[in-house]
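Enquirer: Sending over data.tsv (TSV, C-alpha atoms).
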```tsv
chain	number	residue	atom	x	y	z
R	1	MET	CA	-9.98	-40.69	-18.92
R	2	ASN	CA	-13.46	-41.03	-17.54
R	3	ASN	CA	-15.24	-38.11	-15.94
R	4	GLU	CA	-16.05	-39.75	-12.63
R	5	THR	CA	-15.46	-37.68	-9.52
R	6	LEU	CA	-12.70	-39.18	-7.43
R	7	GLN	CA	-13.24	-39.32	-3.72
R	8	ALA	CA	-10.70	-39.86	-1.00
R	9	PRO	CA	-10.39	-43.48	0.15
R	10	GLU	CA	-12.74	-44.30	3.00
R	11	THR	CA	-10.22	-46.54	4.71
R	12	LYS	CA	-6.45	-46.53	4.73
R	13	SER	CA	-6.36	-49.93	3.01
R	14	GLU	CA	-8.58	-48.76	0.12
R	15	LYS	CA	-6.81	-47.37	-2.94
R	16	VAL	CA	-8.17	-45.19	-5.73
R	17	ASN	CA	-6.49	-45.53	-9.13
R	18	GLN	CA	-6.64	-43.48	-12.30
R	19	GLN	CA	-4.70	-43.61	-15.55
R	20	LEU	CA	-3.88	-41.00	-18.17
R	21	LYS	CA	-2.63	-42.21	-21.53
R	22	LEU	CA	-0.25	-39.35	-22.23
R	23	ILE	CA	1.44	-40.54	-25.41
R	24	GLU	CA	0.40	-43.37	-27.71
R	25	GLY	CA	1.32	-43.76	-31.34
R	26	LYS	CA	3.88	-44.09	-34.09
R	27	PHE	CA	6.03	-41.10	-34.94
R	28	THR	CA	8.81	-40.10	-37.28
R	29	LYS	CA	12.28	-39.61	-35.83
R	30	ARG	CA	11.81	-35.83	-35.87
R	31	GLU	CA	8.39	-36.06	-34.18
R	32	ALA	CA	9.73	-38.49	-31.56
R	33	LEU	CA	12.63	-36.17	-30.75
R	34	SER	CA	10.26	-33.22	-30.43
R	35	ILE	CA	7.80	-35.06	-28.19
R	36	ILE	CA	10.50	-36.45	-25.88
R	37	ASN	CA	12.35	-33.12	-25.66
R	38	ASN	CA	9.15	-31.25	-24.82
R	39	VAL	CA	7.95	-33.73	-22.19
R	40	VAL	CA	11.34	-33.95	-20.47
R	41	ASP	CA	11.82	-30.16	-20.61
R	42	VAL	CA	8.48	-29.67	-18.84
R	43	LYS	CA	9.54	-32.09	-16.11
R	44	ILE	CA	12.94	-30.38	-15.73
R	45	ASN	CA	11.24	-26.99	-15.45
R	46	PHE	CA	8.85	-28.40	-12.84
R	47	HIS	CA	11.79	-29.44	-10.66
R	48	LYS	CA	13.52	-26.08	-11.16
R	49	LEU	CA	10.39	-24.19	-10.14
R	50	GLN	CA	9.92	-26.42	-7.09
R	51	ARG	CA	13.51	-25.71	-6.08
R	52	LEU	CA	13.04	-21.97	-6.59
R	53	SER	CA	9.77	-21.83	-4.65
R	54	LYS	CA	11.45	-23.38	-1.59
R	55	THR	CA	13.85	-20.45	-1.25
R	56	GLU	CA	11.96	-17.54	-2.80
R	57	GLY	CA	12.21	-14.49	-0.60
R	58	ASN	CA	14.73	-16.04	1.79
R	59	ILE	CA	17.88	-13.93	1.45
R	60	ASN	CA	19.68	-16.11	4.02
R	61	ASP	CA	19.29	-19.33	2.03
R	62	ALA	CA	22.58	-21.04	1.21
R	63	CYS	CA	21.27	-22.02	-2.25
R	64	LYS	CA	22.28	-25.65	-1.88
R	65	TYR	CA	19.95	-27.94	-3.79
R	66	ASP	CA	19.63	-31.57	-4.66
R	67	ASN	CA	19.91	-31.41	-8.44
R	68	SER	CA	20.16	-35.17	-8.90
R	69	ARG	CA	16.73	-35.56	-10.56
R	70	ILE	CA	17.33	-32.61	-12.90
R	71	THR	CA	20.75	-34.00	-13.85
R	72	GLU	CA	19.25	-37.47	-14.36
R	73	LEU	CA	16.57	-36.08	-16.69
R	74	ILE	CA	19.11	-34.07	-18.70
R	75	ASP	CA	21.34	-37.15	-19.07
R	76	ASP	CA	18.40	-39.37	-20.06
R	77	LYS	CA	17.27	-36.80	-22.63
R	78	ALA	CA	20.76	-36.76	-24.16
R	79	ASP	CA	20.85	-40.58	-24.25
R	80	ILE	CA	17.48	-40.77	-26.02
R	81	LYS	CA	18.53	-38.09	-28.50
R	82	ALA	CA	21.74	-39.97	-29.28
R	83	PHE	CA	19.78	-43.22	-29.70
R	84	LEU	CA	17.26	-41.66	-32.09
R	85	MET	CA	19.91	-39.74	-34.05
R	86	ALA	CA	21.88	-42.98	-34.53
R	87	LEU	CA	18.97	-44.50	-36.45
R	88	GLU	CA	20.15	-44.63	-40.03
R	89	THR	CA	16.88	-43.72	-41.66
R	90	ASN	CA	14.40	-40.95	-41.11
R	91	LYS	CA	11.65	-43.02	-42.68
R	92	CYS	CA	11.12	-45.52	-39.86
R	93	ASN	CA	8.25	-45.18	-37.44
R	94	ILE	CA	9.04	-44.99	-33.76
R	95	LYS	CA	6.38	-46.23	-31.37
R	96	ILE	CA	6.08	-44.26	-28.15
R	97	SER	CA	3.69	-45.02	-25.34
R	98	SER	CA	3.48	-43.35	-21.97
R	99	THR	CA	0.82	-43.82	-19.35
R	100	ILE	CA	0.64	-41.95	-16.06
R	101	ASN	CA	-0.67	-44.14	-13.26
R	102	ILE	CA	-2.14	-42.26	-10.29
R	103	THR	CA	-2.85	-44.02	-7.02
R	104	VAL	CA	-4.42	-42.30	-4.04
R	105	GLU	CA	-3.47	-44.18	-0.91
```
Output the file's structure in the form of structure tokens.
Expert:
Amino acid sequence: MNNETLQAPETKSEKVNQQLKLIEGKFTKREALSIINNVVDVKINFHKLQRLSKTEGNINDACKYDNSRITELIDDKADIKAFLMALETNKCNIKISSTINITVE
């Protein structure tokens, strides 16, 4: 990622883009499981903290939340784990790449 200072777009039609290459490489099955579990767990915790911060200190809150994204992440994590565990060998390399694209509109 370059060290340029990003400025807000001058006009509404102008967009500012930035990319962060988060994960790039070949990993063992164990390393791939660890990386994916850790990344997804951070995202799940982010959503849980967001949910908590919306109601913190409000004793009258009904505690009804949209957990669909958290549930989706948990299900996806289980699917990926099952996929990786089904690989017959531990000696294969698993390529993982993940880039975060940021656009300021």
Enquirer: Of the candidates R:Ile80, R:Ile74, R:Met85, R:Val104, which one gets nearest to His47 (chain R) if we count all atoms listed in the file?
Expert: R:Ile74
Enquirer: Could you give me, as a PyMOL selection string, the residues within 9 Å of Leu84 (chain R), counting all atoms listed in the file and dropping anything in the same chain fewer than 3 positions from it?
Expert: chain R and resi 29-30+32-33+79-81+87-88
Enquirer: With C-alpha atoms retained, could you export that selection as a tab-separated table (two decimals), keeping the file's coordinate frame?
Expert:
```tsv
chain	number	residue	atom	x	y	z
R	29	LYS	CA	12.28	-39.61	-35.83
R	30	ARG	CA	11.81	-35.83	-35.87
R	32	ALA	CA	9.73	-38.49	-31.56
R	33	LEU	CA	12.63	-36.17	-30.75
R	79	ASP	CA	20.85	-40.58	-24.25
R	80	ILE	CA	17.48	-40.77	-26.02
R	81	LYS	CA	18.53	-38.09	-28.50
R	87	LEU	CA	18.97	-44.50	-36.45
R	88	GLU	CA	20.15	-44.63	-40.03
```
Enquirer: For a test of reading the model, state the distance in Å between CA of Asp76 (chain R) and CA of Val42 (chain R), rounded to one decimal.
Expert: 13.9 Å
Enquirer: What does the distance between CA of Asp66 (chain R) and CA of Gln50 (chain R) come to in Å, to one decimal place?
Expert: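 Pair CA of Asp66 (chain R) / CA of Gln50 (chain R) returns 11.3 Å.
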Enquirer: I want to know what sits within 8 Å of Ile102 (chain R), based on all atoms listed in the file, with residues of the same chain fewer than 6 positions away left out; could you give that as a PDB file with C-alpha atoms, in the frame of the given file?
Expert:
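result-v6.pdb written:
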```pdb
ATOM      1  CA  ASN R  17      -6.490 -45.530  -9.130  1.00  0.00           C
ATOM      2  CA  GLN R  18      -6.640 -43.480 -12.300  1.00  0.00           C
ATOM      3  CA  GLN R  19      -4.700 -43.610 -15.550  1.00  0.00           C
TER       4      GLN R  19
END
```
Enquirer: Which value, in Å to one decimal, gives the distance between CA of Asn90 (chain R) and CA of Asn37 (chain R)?
Expert: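 Atom-to-atom, CA of Asn90 (chain R) and CA of Asn37 (chain R) are spaced 17.4 Å apart.
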